[in-house]
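**Student:** Dropping in input.cif, with mmCIF, C-alpha atoms (C1' of nucleotides).
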```
data_my_file
#
loop_
_atom_site.label_atom_id
_atom_site.label_comp_id
_atom_site.auth_asym_id
_atom_site.auth_seq_id
_atom_site.Cartn_x
_atom_site.Cartn_y
_atom_site.Cartn_z
CA MET A 1 126.30 -175.61 84.42
CA ALA A 2 122.64 -174.76 84.11
CA LYS A 3 121.10 -172.99 87.07
CA ILE A 4 119.61 -175.30 89.66
CA PRO A 5 115.83 -175.69 89.47
CA GLU A 6 115.13 -174.33 92.95
CA LEU A 7 116.53 -170.92 92.01
CA SER A 8 113.66 -170.12 89.70
CA ASP A 9 110.50 -171.02 91.53
CA GLN A 10 109.77 -167.40 92.37
CA PRO A 11 106.75 -166.03 90.51
CA VAL A 12 107.61 -164.28 87.25
CA ASP A 13 106.57 -160.69 86.64
CA PRO A 14 105.28 -160.67 83.04
CA ALA A 15 106.13 -157.00 82.52
CA GLN A 16 109.77 -157.58 83.49
CA LEU A 17 110.42 -160.77 81.57
CA ASP A 18 112.26 -159.16 78.70
CA LEU A 19 114.24 -156.41 80.44
CA ALA A 20 117.54 -157.90 79.27
CA LEU A 21 116.42 -157.39 75.66
CA ASP A 22 115.62 -153.72 76.01
CA GLY A 23 119.11 -152.76 74.86
CA TYR A 24 118.72 -154.49 71.51
CA LEU A 25 117.44 -152.22 68.78
CA GLY A 26 116.11 -155.14 66.76
CA TYR A 27 113.99 -156.27 69.68
CA VAL A 28 112.42 -152.96 70.65
CA LEU A 29 111.89 -152.16 66.97
CA ARG A 30 109.94 -155.37 66.50
CA ARG A 31 107.81 -154.92 69.60
CA ALA A 32 107.01 -151.31 68.67
CA GLN A 33 106.25 -152.26 65.09
CA MET A 34 103.90 -155.04 66.14
CA LYS A 35 102.00 -152.71 68.42
CA VAL A 36 101.53 -149.96 65.82
CA PHE A 37 100.81 -152.47 63.05
CA GLN A 38 98.14 -154.32 65.01
CA HIS A 39 96.44 -151.07 65.88
CA LEU A 40 96.27 -149.98 62.25
CA SER A 41 95.11 -153.44 61.16
CA ALA A 42 92.14 -153.18 63.50
CA ARG A 43 91.24 -149.71 62.23
CA LEU A 44 91.37 -150.85 58.59
CA GLU A 45 89.34 -154.01 59.17
CA PRO A 46 85.94 -152.35 58.58
CA TYR A 47 87.19 -151.48 55.08
CA ASP A 48 88.35 -155.05 54.41
CA LEU A 49 91.88 -153.70 53.93
CA ARG A 50 95.30 -154.65 55.27
CA PRO A 51 98.10 -152.16 55.96
CA ALA A 52 99.98 -153.28 52.85
CA GLN A 53 96.92 -152.53 50.73
CA PHE A 54 96.66 -149.04 52.18
CA THR A 55 100.32 -148.54 51.33
CA ALA A 56 99.64 -149.71 47.79
CA LEU A 57 96.80 -147.20 47.40
CA MET A 58 99.14 -144.42 48.58
CA ILE A 59 101.78 -145.36 46.03
CA ILE A 60 99.24 -145.64 43.20
CA GLU A 61 97.88 -142.20 44.06
CA GLN A 62 101.39 -140.77 44.02
CA HIS A 63 102.28 -142.52 40.73
CA PRO A 64 99.08 -143.00 38.74
CA GLY A 65 99.57 -145.42 35.87
CA LEU A 66 102.61 -147.16 37.26
CA MET A 67 103.29 -150.76 36.28
CA GLN A 68 102.74 -153.68 38.63
CA ALA A 69 106.47 -154.37 38.61
CA ASP A 70 107.14 -150.85 39.95
CA LEU A 71 104.49 -151.30 42.61
CA ALA A 72 106.08 -154.57 43.68
CA ARG A 73 109.48 -152.92 43.96
CA ALA A 74 108.05 -150.03 45.98
CA LEU A 75 106.36 -152.40 48.41
CA ALA A 76 109.38 -154.71 48.57
CA ILE A 77 107.19 -157.65 47.58
CA GLU A 78 107.52 -160.22 44.78
CA PRO A 79 105.55 -159.83 41.53
CA PRO A 80 103.17 -162.72 42.35
CA GLN A 81 102.14 -160.98 45.56
CA ALA A 82 101.47 -157.81 43.59
CA VAL A 83 99.01 -159.75 41.42
CA VAL A 84 96.95 -160.80 44.43
CA LEU A 85 97.12 -157.32 45.89
CA VAL A 86 95.91 -155.54 42.75
CA ASN A 87 93.21 -158.19 42.25
CA LYS A 88 91.97 -157.35 45.72
CA LEU A 89 91.96 -153.60 45.08
CA GLU A 90 90.08 -154.15 41.83
CA LYS A 91 87.55 -156.39 43.56
CA LEU A 92 86.96 -153.65 46.14
CA GLY A 93 86.49 -151.19 43.29
CA LEU A 94 89.32 -148.97 44.54
CA ALA A 95 91.80 -149.38 41.69
CA MET A 96 91.96 -150.70 38.14
CA ARG A 97 94.35 -152.01 35.54
CA VAL A 98 94.33 -150.11 32.23
CA ARG A 99 96.07 -151.30 29.07
CA CYS A 100 97.52 -147.95 28.18
CA LYS A 101 101.21 -148.55 27.58
CA PRO A 102 103.19 -148.89 24.35
CA ASP A 103 104.39 -152.16 25.86
CA LYS A 104 101.21 -154.23 25.70
CA ARG A 105 102.39 -156.75 28.26
CA SER A 106 101.97 -154.25 31.09
CA TYR A 107 99.19 -152.04 32.34
CA GLY A 108 99.00 -148.79 34.15
CA ILE A 109 97.38 -149.06 37.56
CA PHE A 110 95.04 -146.23 38.58
CA LEU A 111 92.78 -145.33 41.45
CA SER A 112 89.08 -145.30 40.69
CA LYS A 113 87.02 -142.31 41.74
CA VAL A 114 85.79 -144.36 44.68
CA GLY A 115 89.40 -145.26 45.47
CA GLU A 116 90.43 -141.61 45.55
CA VAL A 117 87.63 -140.66 47.91
CA ARG A 118 88.18 -143.72 50.10
CA LEU A 119 91.91 -143.02 50.31
CA ARG A 120 91.28 -139.54 51.70
CA GLU A 121 89.35 -141.18 54.50
CA LEU A 122 91.99 -143.87 55.02
CA LYS A 123 94.76 -141.29 55.37
CA GLU A 124 92.93 -139.68 58.28
CA ILE A 125 92.44 -143.08 59.87
CA ALA A 126 96.09 -144.04 59.46
CA LEU A 127 97.38 -140.77 60.91
CA GLN A 128 94.98 -141.05 63.84
CA SER A 129 95.99 -144.69 64.36
CA ASP A 130 99.65 -143.61 64.52
CA ILE A 131 98.79 -141.13 67.25
CA ASP A 132 96.47 -143.46 69.16
CA SER A 133 98.95 -146.32 69.17
CA THR A 134 101.78 -144.06 70.41
CA ARG A 135 99.99 -142.22 73.19
CA SER A 136 103.05 -142.38 75.43
CA LEU A 137 104.98 -140.12 73.05
CA ASP A 138 104.38 -136.40 72.71
CA ARG A 139 104.28 -134.77 69.31
CA HIS A 140 107.95 -133.81 69.36
CA GLU A 141 109.03 -137.32 70.33
CA ARG A 142 106.86 -138.80 67.60
CA GLU A 143 108.41 -136.51 64.98
CA GLN A 144 111.88 -137.28 66.28
CA LEU A 145 111.11 -141.00 66.05
CA ILE A 146 109.88 -140.73 62.46
CA ALA A 147 112.98 -138.78 61.47
CA LEU A 148 115.32 -141.35 63.01
CA LEU A 149 113.49 -144.31 61.43
CA ARG A 150 113.45 -142.63 58.04
CA LYS A 151 117.17 -141.98 58.28
CA LEU A 152 117.71 -145.61 59.28
CA TYR A 153 115.78 -147.36 56.53
CA ARG A 154 116.58 -144.96 53.71
CA GLU A 155 120.29 -145.55 54.13
CA THR A 156 121.69 -147.21 51.02
CA ARG A 157 124.32 -149.40 52.65
CA MET B 1 88.00 -139.26 37.79
CA ALA B 2 91.16 -141.28 37.67
CA LYS B 3 94.15 -139.58 36.13
CA ILE B 4 94.46 -140.00 32.39
CA PRO B 5 96.94 -142.68 31.31
CA GLU B 6 99.24 -140.32 29.42
CA LEU B 7 100.15 -138.48 32.60
CA SER B 8 102.13 -141.36 34.02
CA ASP B 9 104.41 -142.58 31.27
CA GLN B 10 107.41 -140.85 32.77
CA PRO B 11 109.98 -143.27 34.20
CA VAL B 12 109.54 -143.94 37.92
CA ASP B 13 112.40 -143.31 40.35
CA PRO B 14 112.38 -146.36 42.65
CA ALA B 15 113.92 -144.45 45.57
CA GLN B 16 111.16 -141.83 45.46
CA LEU B 17 108.17 -144.12 45.06
CA ASP B 18 107.05 -144.01 48.66
CA LEU B 19 107.81 -140.42 49.65
CA ALA B 20 104.16 -139.76 50.46
CA LEU B 21 104.32 -142.49 53.11
CA ASP B 22 107.32 -141.08 54.95
CA GLY B 23 105.06 -139.17 57.32
CA TYR B 24 103.36 -142.31 58.60
CA LEU B 25 104.98 -143.77 61.66
CA GLY B 26 103.55 -147.21 60.95
CA TYR B 27 105.17 -147.25 57.53
CA VAL B 28 108.68 -146.11 58.48
CA LEU B 29 108.57 -148.39 61.52
CA ARG B 30 107.82 -151.38 59.33
CA ARG B 31 110.51 -150.57 56.79
CA ALA B 32 113.12 -150.02 59.49
CA GLN B 33 112.10 -153.17 61.32
CA MET B 34 112.33 -155.27 58.16
CA LYS B 35 115.82 -153.98 57.45
CA VAL B 36 117.17 -154.65 60.93
CA PHE B 37 115.36 -157.98 61.20
CA GLN B 38 116.66 -159.29 57.88
CA HIS B 39 120.20 -158.33 58.83
CA LEU B 40 120.02 -160.20 62.13
CA SER B 41 118.37 -163.20 60.43
CA ALA B 42 121.32 -163.50 58.08
CA ARG B 43 123.83 -163.27 60.93
CA LEU B 44 122.04 -165.98 62.92
CA GLU B 45 121.66 -168.35 59.97
CA PRO B 46 125.01 -170.11 60.52
CA TYR B 47 123.72 -171.11 63.96
CA ASP B 48 120.44 -172.43 62.54
CA LEU B 49 118.59 -169.89 64.68
CA ARG B 50 115.87 -167.34 64.05
CA PRO B 51 115.62 -163.98 65.85
CA ALA B 52 112.68 -165.26 67.95
CA GLN B 53 114.82 -168.16 69.12
CA PHE B 54 117.62 -165.83 70.17
CA THR B 55 115.03 -163.82 72.10
CA ALA B 56 113.83 -167.01 73.78
CA LEU B 57 117.38 -167.87 74.86
CA MET B 58 117.74 -164.40 76.37
CA ILE B 59 114.55 -164.77 78.37
CA ILE B 60 115.45 -168.26 79.57
CA GLU B 61 118.84 -167.00 80.73
CA GLN B 62 117.19 -164.16 82.62
CA HIS B 63 114.56 -166.47 84.16
CA PRO B 64 116.03 -169.95 84.43
CA GLY B 65 113.39 -172.55 85.16
CA LEU B 66 110.44 -170.56 83.87
CA MET B 67 107.42 -172.40 82.53
CA GLN B 68 106.59 -172.64 78.85
CA ALA B 69 103.46 -170.60 79.44
CA ASP B 70 105.57 -167.73 80.84
CA LEU B 71 107.91 -167.93 77.89
CA ALA B 72 104.98 -167.76 75.49
CA ARG B 73 103.63 -164.68 77.26
CA ALA B 74 107.03 -163.00 77.19
CA LEU B 75 107.42 -163.63 73.47
CA ALA B 76 103.81 -162.69 72.75
CA ILE B 77 103.28 -166.04 71.03
CA GLU B 78 100.65 -168.75 71.57
CA PRO B 79 101.45 -171.85 73.65
CA PRO B 80 101.55 -174.19 70.62
CA GLN B 81 104.28 -172.03 69.07
CA ALA B 82 106.25 -172.23 72.30
CA VAL B 83 106.21 -176.02 72.02
CA VAL B 84 107.84 -175.91 68.58
CA LEU B 85 110.32 -173.29 69.73
CA VAL B 86 111.47 -175.20 72.82
CA ASN B 87 111.62 -178.43 70.79
CA LYS B 88 114.01 -176.66 68.43
CA LEU B 89 116.21 -175.33 71.24
CA GLU B 90 116.36 -178.82 72.77
CA LYS B 91 117.23 -180.37 69.42
CA LEU B 92 120.09 -177.86 69.09
CA GLY B 93 121.23 -178.80 72.58
CA LEU B 94 120.92 -175.22 73.82
CA ALA B 95 118.09 -175.63 76.32
CA MET B 96 116.17 -178.36 78.14
CA ARG B 97 112.90 -179.09 79.88
CA VAL B 98 113.24 -180.27 83.47
CA ARG B 99 110.36 -181.71 85.53
CA CYS B 100 111.20 -179.80 88.68
CA LYS B 101 108.01 -178.07 89.74
CA PRO B 102 105.47 -178.92 92.44
CA ASP B 103 102.93 -178.71 89.60
CA LYS B 104 103.85 -181.81 87.63
CA ARG B 105 102.10 -180.65 84.46
CA SER B 106 104.78 -178.05 83.80
CA TYR B 107 108.55 -178.04 83.48
CA GLY B 108 111.20 -175.54 84.17
CA ILE B 109 113.13 -174.53 81.07
CA PHE B 110 116.88 -174.09 81.45
CA LEU B 111 119.87 -173.28 79.28
CA SER B 112 122.37 -176.08 78.87
CA LYS B 113 126.05 -175.35 79.41
CA VAL B 114 126.45 -175.23 75.64
CA GLY B 115 123.46 -172.87 75.48
CA GLU B 116 125.03 -170.50 77.98
CA VAL B 117 128.30 -170.35 76.08
CA ARG B 118 126.55 -170.03 72.72
CA LEU B 119 124.34 -167.23 74.03
CA ARG B 120 127.39 -165.15 75.02
CA GLU B 121 128.51 -165.36 71.41
CA LEU B 122 125.04 -164.62 70.07
CA LYS B 123 124.75 -161.47 72.18
CA GLU B 124 127.86 -160.06 70.55
CA ILE B 125 126.52 -160.93 67.13
CA ALA B 126 123.14 -159.33 67.83
CA LEU B 127 124.67 -156.11 69.16
CA GLN B 128 127.03 -155.93 66.18
CA SER B 129 124.13 -156.62 63.80
CA ASP B 130 122.20 -153.73 65.35
CA ILE B 131 125.13 -151.43 64.67
CA ASP B 132 125.86 -152.77 61.19
CA SER B 133 122.25 -152.51 60.06
CA THR B 134 121.97 -148.92 61.32
CA ARG B 135 125.17 -147.48 59.95
CA SER B 136 123.46 -144.22 59.02
CA LEU B 137 122.85 -143.44 62.70
CA ASP B 138 125.54 -142.32 65.11
CA ARG B 139 125.72 -143.74 68.60
CA HIS B 140 123.68 -140.96 70.14
CA GLU B 141 120.93 -141.30 67.54
CA ARG B 142 120.84 -145.04 68.04
CA GLU B 143 120.45 -144.65 71.80
CA GLN B 144 117.80 -142.01 71.31
CA LEU B 145 115.94 -144.34 68.96
CA ILE B 146 116.04 -147.23 71.41
CA ALA B 147 114.76 -144.98 74.20
CA LEU B 148 111.85 -143.74 72.08
CA LEU B 149 110.88 -147.22 70.91
CA ARG B 150 111.05 -148.61 74.43
CA LYS B 151 108.82 -145.80 75.66
CA LEU B 152 106.40 -146.51 72.82
CA TYR B 153 105.95 -150.24 73.20
CA ARG B 154 106.10 -150.40 77.00
CA GLU B 155 103.20 -148.00 77.36
CA THR B 156 100.28 -149.67 79.09
CA ARG B 157 97.77 -146.92 78.11
"C1'" DT C 1 86.18 -177.63 86.59
"C1'" DA C 2 90.52 -175.26 85.20
"C1'" DT C 3 95.27 -175.33 83.57
"C1'" DT C 4 99.91 -177.10 81.22
"C1'" DG C 5 101.52 -178.87 77.50
"C1'" DT C 6 100.52 -180.99 73.21
"C1'" DT C 7 98.57 -182.34 68.51
"C1'" DA C 8 96.11 -181.28 64.55
"C1'" DT C 9 94.57 -177.93 61.58
"C1'" DA C 10 93.94 -173.83 58.99
"C1'" DC C 11 94.84 -169.31 57.41
"C1'" DT C 12 98.06 -165.72 56.22
"C1'" DC C 13 102.34 -164.19 54.32
"C1'" DT C 14 106.09 -164.93 51.54
"C1'" DA C 15 109.22 -167.06 48.01
"C1'" DT C 16 110.18 -169.80 43.81
"C1'" DA C 17 109.43 -172.21 39.50
"C1'" DA C 18 107.09 -172.42 35.48
"C1'" DC C 19 103.77 -170.78 32.16
"C1'" DT C 20 101.62 -166.89 28.57
"C1'" DA C 21 101.94 -163.12 25.88
"C1'" DT C 22 104.29 -159.78 24.28
"C1'" DA C 23 108.83 -157.53 23.12
"C1'" DT D 1 116.17 -164.21 24.27
"C1'" DA D 2 114.26 -161.36 27.64
"C1'" DT D 3 110.47 -159.17 30.26
"C1'" DA D 4 105.40 -158.28 32.47
"C1'" DG D 5 102.11 -160.56 34.36
"C1'" DT D 6 100.21 -164.79 35.95
"C1'" DT D 7 99.53 -169.51 38.03
"C1'" DA D 8 100.69 -173.12 41.04
"C1'" DT D 9 103.00 -174.50 44.88
"C1'" DA D 10 105.55 -174.78 49.03
"C1'" DG D 11 107.41 -172.97 53.08
"C1'" DA D 12 107.27 -169.99 57.15
"C1'" DG D 13 104.58 -167.76 60.82
"C1'" DT D 14 100.53 -167.52 63.45
"C1'" DA D 15 95.93 -168.70 65.47
"C1'" DT D 16 92.22 -171.90 67.16
"C1'" DA D 17 90.09 -176.25 68.65
"C1'" DA D 18 90.51 -180.30 70.96
"C1'" DC D 19 92.96 -183.75 73.68
"C1'" DA D 20 95.89 -185.89 77.77
"C1'" DA D 21 97.73 -185.37 82.21
"C1'" DT D 22 97.51 -183.00 86.34
"C1'" DA D 23 95.61 -179.71 89.60
#
```
Can you present the structure in this file as structure tokens?
**Tutor:**
Amino acid sequence: MAKIPELSDQPVDPAQLDLALDGYLGYVLRRAQMKVFQHLSARLEPYDLRPAQFTALMIIEQHPGLMQADLARALAIEPPQAVVLVNKLEKLGLAMRVRCKPDKRSYGIFLSKVGEVRLRELKEIALQSDIDSTRSLDRHEREQLIALLRKLYRETR
Amino acid sequence: MAKIPELSDQPVDPAQLDLALDGYLGYVLRRAQMKVFQHLSARLEPYDLRPAQFTALMIIEQHPGLMQADLARALAIEPPQAVVLVNKLEKLGLAMRVRCKPDKRSYGIFLSKVGEVRLRELKEIALQSDIDSTRSLDRHEREQLIALLRKLYRETR
DNA sequence: TATTGTTATACTCTATAACTATA
DNA sequence: TATAGTTATAGAGTATAACAATA
């Protein structure tokens, strides 16, 4: 039977509401991810960029001239989303499509000079955002956390 | 200047595309969270439930008779989303609204008998999904990871 | 006047189908 | 015929404004 109504009229402590979920990795992962993600989003807002667009710039820098299809795969997004994303980066003047492949259906995607300079700044901001949004961890704990998460998501099976 | 097109015509290794991002906590957190979340989503699909709805059931069980506003706060969602969520749980016969408060604007939310039984099953599934989606971690690493994430997201500042 | 729950609405994110141009 | 990029569209998820009932 459901609990009787009278049992639950005590005031609820908001900070303790989800204690029973603290043992679920999926739950604490999501809460942590939301916190870090929101922090970075706020820091990128002055640049009119979203976290995914910062990620895209990083991948383009690492693989200048890659095709949109490769970028989509790297970001785990669908090709149509990649179109919108690259359009946005072009509109901001940070990246550009160049018809430079033997296969004339595709382009290479490259950072512009402005994009390269801007990305250097964004990297600092992202690293600082990581630190600021995880103040309760010391440097060793933060490195340990990154190592564990990397091991988790890079697993093939 | 942007790199010259010719530089980048080597084939791209998909597994290595995002190596430069591995040092960013926000990035590895997001990738790990997506992996674990998608796994749980698939496991809950036969029950016509989403991870957020499982979380709601957990919180209702822990705080039988809580108000919708408290549930929204606990889930970090807006009140209108809580309406849709509780509607869904009622439609599935897992929870119910009961007018049982001195304040007649609000209800208490309770698990039904079916909801209580179902939740026992769902807890097993969620714990197993955690383990299955993090096969590359041993038990100690998994516990360490949970402890670090909890410390991260529970920080108040 | 403020608050609980609700409706309506809009904006983002994401996924799919279908089109074009090359191959 | 298959593939790269694109367009159009629809479905989630999320946020805000405004309303009814109650305090």
**Student:** Check what the PyMOL selection byres ((chain B) within 8 of (chain D)) selects in the file above and give those residues as a PyMOL selection string.
**Tutor:** chain B and resi 78+103-105
**Student:** Which polymer residues, whether protein, DNA or RNA, lie within 6 Å of the coordinate (116.1, -176.1, 84.1) when you count all atoms listed in the file? List them as a list in words, using the chain letters and numbers from the file.
**Tutor:**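 Taken together, the residues in range are Pro5 of chain A; Gly65, Val98, Gly108, Ile109 and Phe110 of chain B.
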**Student:** Looking at all atoms listed in the file, which of C:DC13, C:DA23, C:DA8, C:DA18 is the one that sits closest to chain B?
**Tutor:**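 That would be C:DA8, the residue with the smallest distance to chain B.
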**Student:** Could you spell out the hits of the PyMOL selection byres ((chain B) within 12 of (chain C)) on the shown file, as a ChimeraX atom specification?
**Tutor:** /B:67-70,72,78-84,86-87,97,101,103-108
**Student:** Could the residues of chain A that have an atom at most 7 Å from chain B be listed as a tab-separated table, each with its closest atom pair and the distance in Å to one decimal, counting all atoms listed in the file and ordered by chain and ascending residue number?
**Tutor:**
```
residue	atom	partner	partner_atom	distance
A:Met1	CA	B:Lys113	CA	5.0
A:Ala2	CA	B:Ser112	CA	5.4
A:Lys3	CA	B:Pro64	CA	6.5
A:Pro5	CA	B:Gly65	CA	5.9
A:Ser8	CA	B:Gly65	CA	5.2
A:Pro14	CA	B:Ala74	CA	6.5
A:Leu17	CA	B:Ala74	CA	6.0
A:Asp18	CA	B:Ile59	CA	6.1
A:Tyr24	CA	B:Leu127	CA	6.6
A:Leu25	CA	B:Ile146	CA	5.8
A:Gly26	CA	B:Val36	CA	5.9
A:Val28	CA	B:Arg150	CA	5.9
A:Leu29	CA	B:Gln33	CA	5.7
A:Arg30	CA	B:Gln33	CA	6.0
A:Arg31	CA	B:Tyr153	CA	6.2
A:Ala32	CA	B:Tyr153	CA	4.8
A:Gln33	CA	B:Leu29	CA	5.8
A:Lys35	CA	B:Tyr153	CA	6.7
A:Val36	CA	B:Gly26	CA	5.9
A:Phe37	CA	B:Gly26	CA	6.3
A:Ile59	CA	B:Asp18	CA	6.0
A:His63	CA	B:Ser8	CA	6.8
A:Pro64	CA	B:Ser8	CA	5.9
A:Gly65	CA	B:Ser8	CA	5.1
A:Leu66	CA	B:Ser8	CA	6.7
A:Ala74	CA	B:Leu17	CA	6.0
A:Cys100	CA	B:Pro5	CA	6.2
A:Phe110	CA	B:Ala2	CA	6.4
A:Leu111	CA	B:Ala2	CA	5.8
A:Ser112	CA	B:Ala2	CA	5.4
A:Lys113	CA	B:Met1	CA	5.1
A:Leu127	CA	B:Tyr24	CA	6.6
A:Asp130	CA	B:Leu25	CA	6.1
A:Thr134	CA	B:Leu152	CA	5.8
A:Ser136	CA	B:Leu152	CA	5.9
A:Leu137	CA	B:Leu152	CA	6.5
A:Leu145	CA	B:Leu145	CA	6.6
A:Ile146	CA	B:Leu25	CA	5.8
A:Leu148	CA	B:Leu145	CA	6.7
A:Leu149	CA	B:Val28	CA	5.9
A:Arg150	CA	B:Val28	CA	5.9
A:Lys151	CA	B:Ser136	CA	6.7
A:Leu152	CA	B:Thr134	CA	5.8
A:Tyr153	CA	B:Ala32	CA	4.8
A:Glu155	CA	B:Ser136	CA	6.0
```
**Student:** Write the selection just made, keeping C-alpha atoms, as an mmCIF file, keeping the file's coordinate frame?
**Tutor:**
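Output file result-v5.cif is given in full below:
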```
data_model
loop_
_atom_site.group_PDB
_atom_site.id
_atom_site.type_symbol
_atom_site.label_atom_id
_atom_site.label_comp_id
_atom_site.auth_asym_id
_atom_site.auth_seq_id
_atom_site.Cartn_x
_atom_site.Cartn_y
_atom_site.Cartn_z
ATOM 1 C CA MET A 1 126.300 -175.610 84.420
ATOM 2 C CA ALA A 2 122.640 -174.760 84.110
ATOM 3 C CA LYS A 3 121.100 -172.990 87.070
ATOM 4 C CA PRO A 5 115.830 -175.690 89.470
ATOM 5 C CA SER A 8 113.660 -170.120 89.700
ATOM 6 C CA PRO A 14 105.280 -160.670 83.040
ATOM 7 C CA LEU A 17 110.420 -160.770 81.570
ATOM 8 C CA ASP A 18 112.260 -159.160 78.700
ATOM 9 C CA TYR A 24 118.720 -154.490 71.510
ATOM 10 C CA LEU A 25 117.440 -152.220 68.780
ATOM 11 C CA GLY A 26 116.110 -155.140 66.760
ATOM 12 C CA VAL A 28 112.420 -152.960 70.650
ATOM 13 C CA LEU A 29 111.890 -152.160 66.970
ATOM 14 C CA ARG A 30 109.940 -155.370 66.500
ATOM 15 C CA ARG A 31 107.810 -154.920 69.600
ATOM 16 C CA ALA A 32 107.010 -151.310 68.670
ATOM 17 C CA GLN A 33 106.250 -152.260 65.090
ATOM 18 C CA LYS A 35 102.000 -152.710 68.420
ATOM 19 C CA VAL A 36 101.530 -149.960 65.820
ATOM 20 C CA PHE A 37 100.810 -152.470 63.050
ATOM 21 C CA ILE A 59 101.780 -145.360 46.030
ATOM 22 C CA HIS A 63 102.280 -142.520 40.730
ATOM 23 C CA PRO A 64 99.080 -143.000 38.740
ATOM 24 C CA GLY A 65 99.570 -145.420 35.870
ATOM 25 C CA LEU A 66 102.610 -147.160 37.260
ATOM 26 C CA ALA A 74 108.050 -150.030 45.980
ATOM 27 C CA CYS A 100 97.520 -147.950 28.180
ATOM 28 C CA PHE A 110 95.040 -146.230 38.580
ATOM 29 C CA LEU A 111 92.780 -145.330 41.450
ATOM 30 C CA SER A 112 89.080 -145.300 40.690
ATOM 31 C CA LYS A 113 87.020 -142.310 41.740
ATOM 32 C CA LEU A 127 97.380 -140.770 60.910
ATOM 33 C CA ASP A 130 99.650 -143.610 64.520
ATOM 34 C CA THR A 134 101.780 -144.060 70.410
ATOM 35 C CA SER A 136 103.050 -142.380 75.430
ATOM 36 C CA LEU A 137 104.980 -140.120 73.050
ATOM 37 C CA LEU A 145 111.110 -141.000 66.050
ATOM 38 C CA ILE A 146 109.880 -140.730 62.460
ATOM 39 C CA LEU A 148 115.320 -141.350 63.010
ATOM 40 C CA LEU A 149 113.490 -144.310 61.430
ATOM 41 C CA ARG A 150 113.450 -142.630 58.040
ATOM 42 C CA LYS A 151 117.170 -141.980 58.280
ATOM 43 C CA LEU A 152 117.710 -145.610 59.280
ATOM 44 C CA TYR A 153 115.780 -147.360 56.530
ATOM 45 C CA GLU A 155 120.290 -145.550 54.130
#
```
**Student:** Work out how far CA of Arg50 in chain B is from CA of Glu121 in chain B, in Å to one decimal.
**Tutor:** 14.8 Å
**Student:** Calculate how many Å separate CA of Pro46 in chain B from CA of Leu92 in chain B, rounding to one decimal.
**Tutor:**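 CA of Leu92 in chain B lies 12.6 Å from CA of Pro46 in chain B.
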**Student:** Record the distance separating CA of Leu49 in chain B and CA of Val117 in chain B, expressed in Å with one decimal.
**Tutor:**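 Separating CA of Leu49 in chain B from CA of Val117 in chain B is a distance of 15.0 Å.
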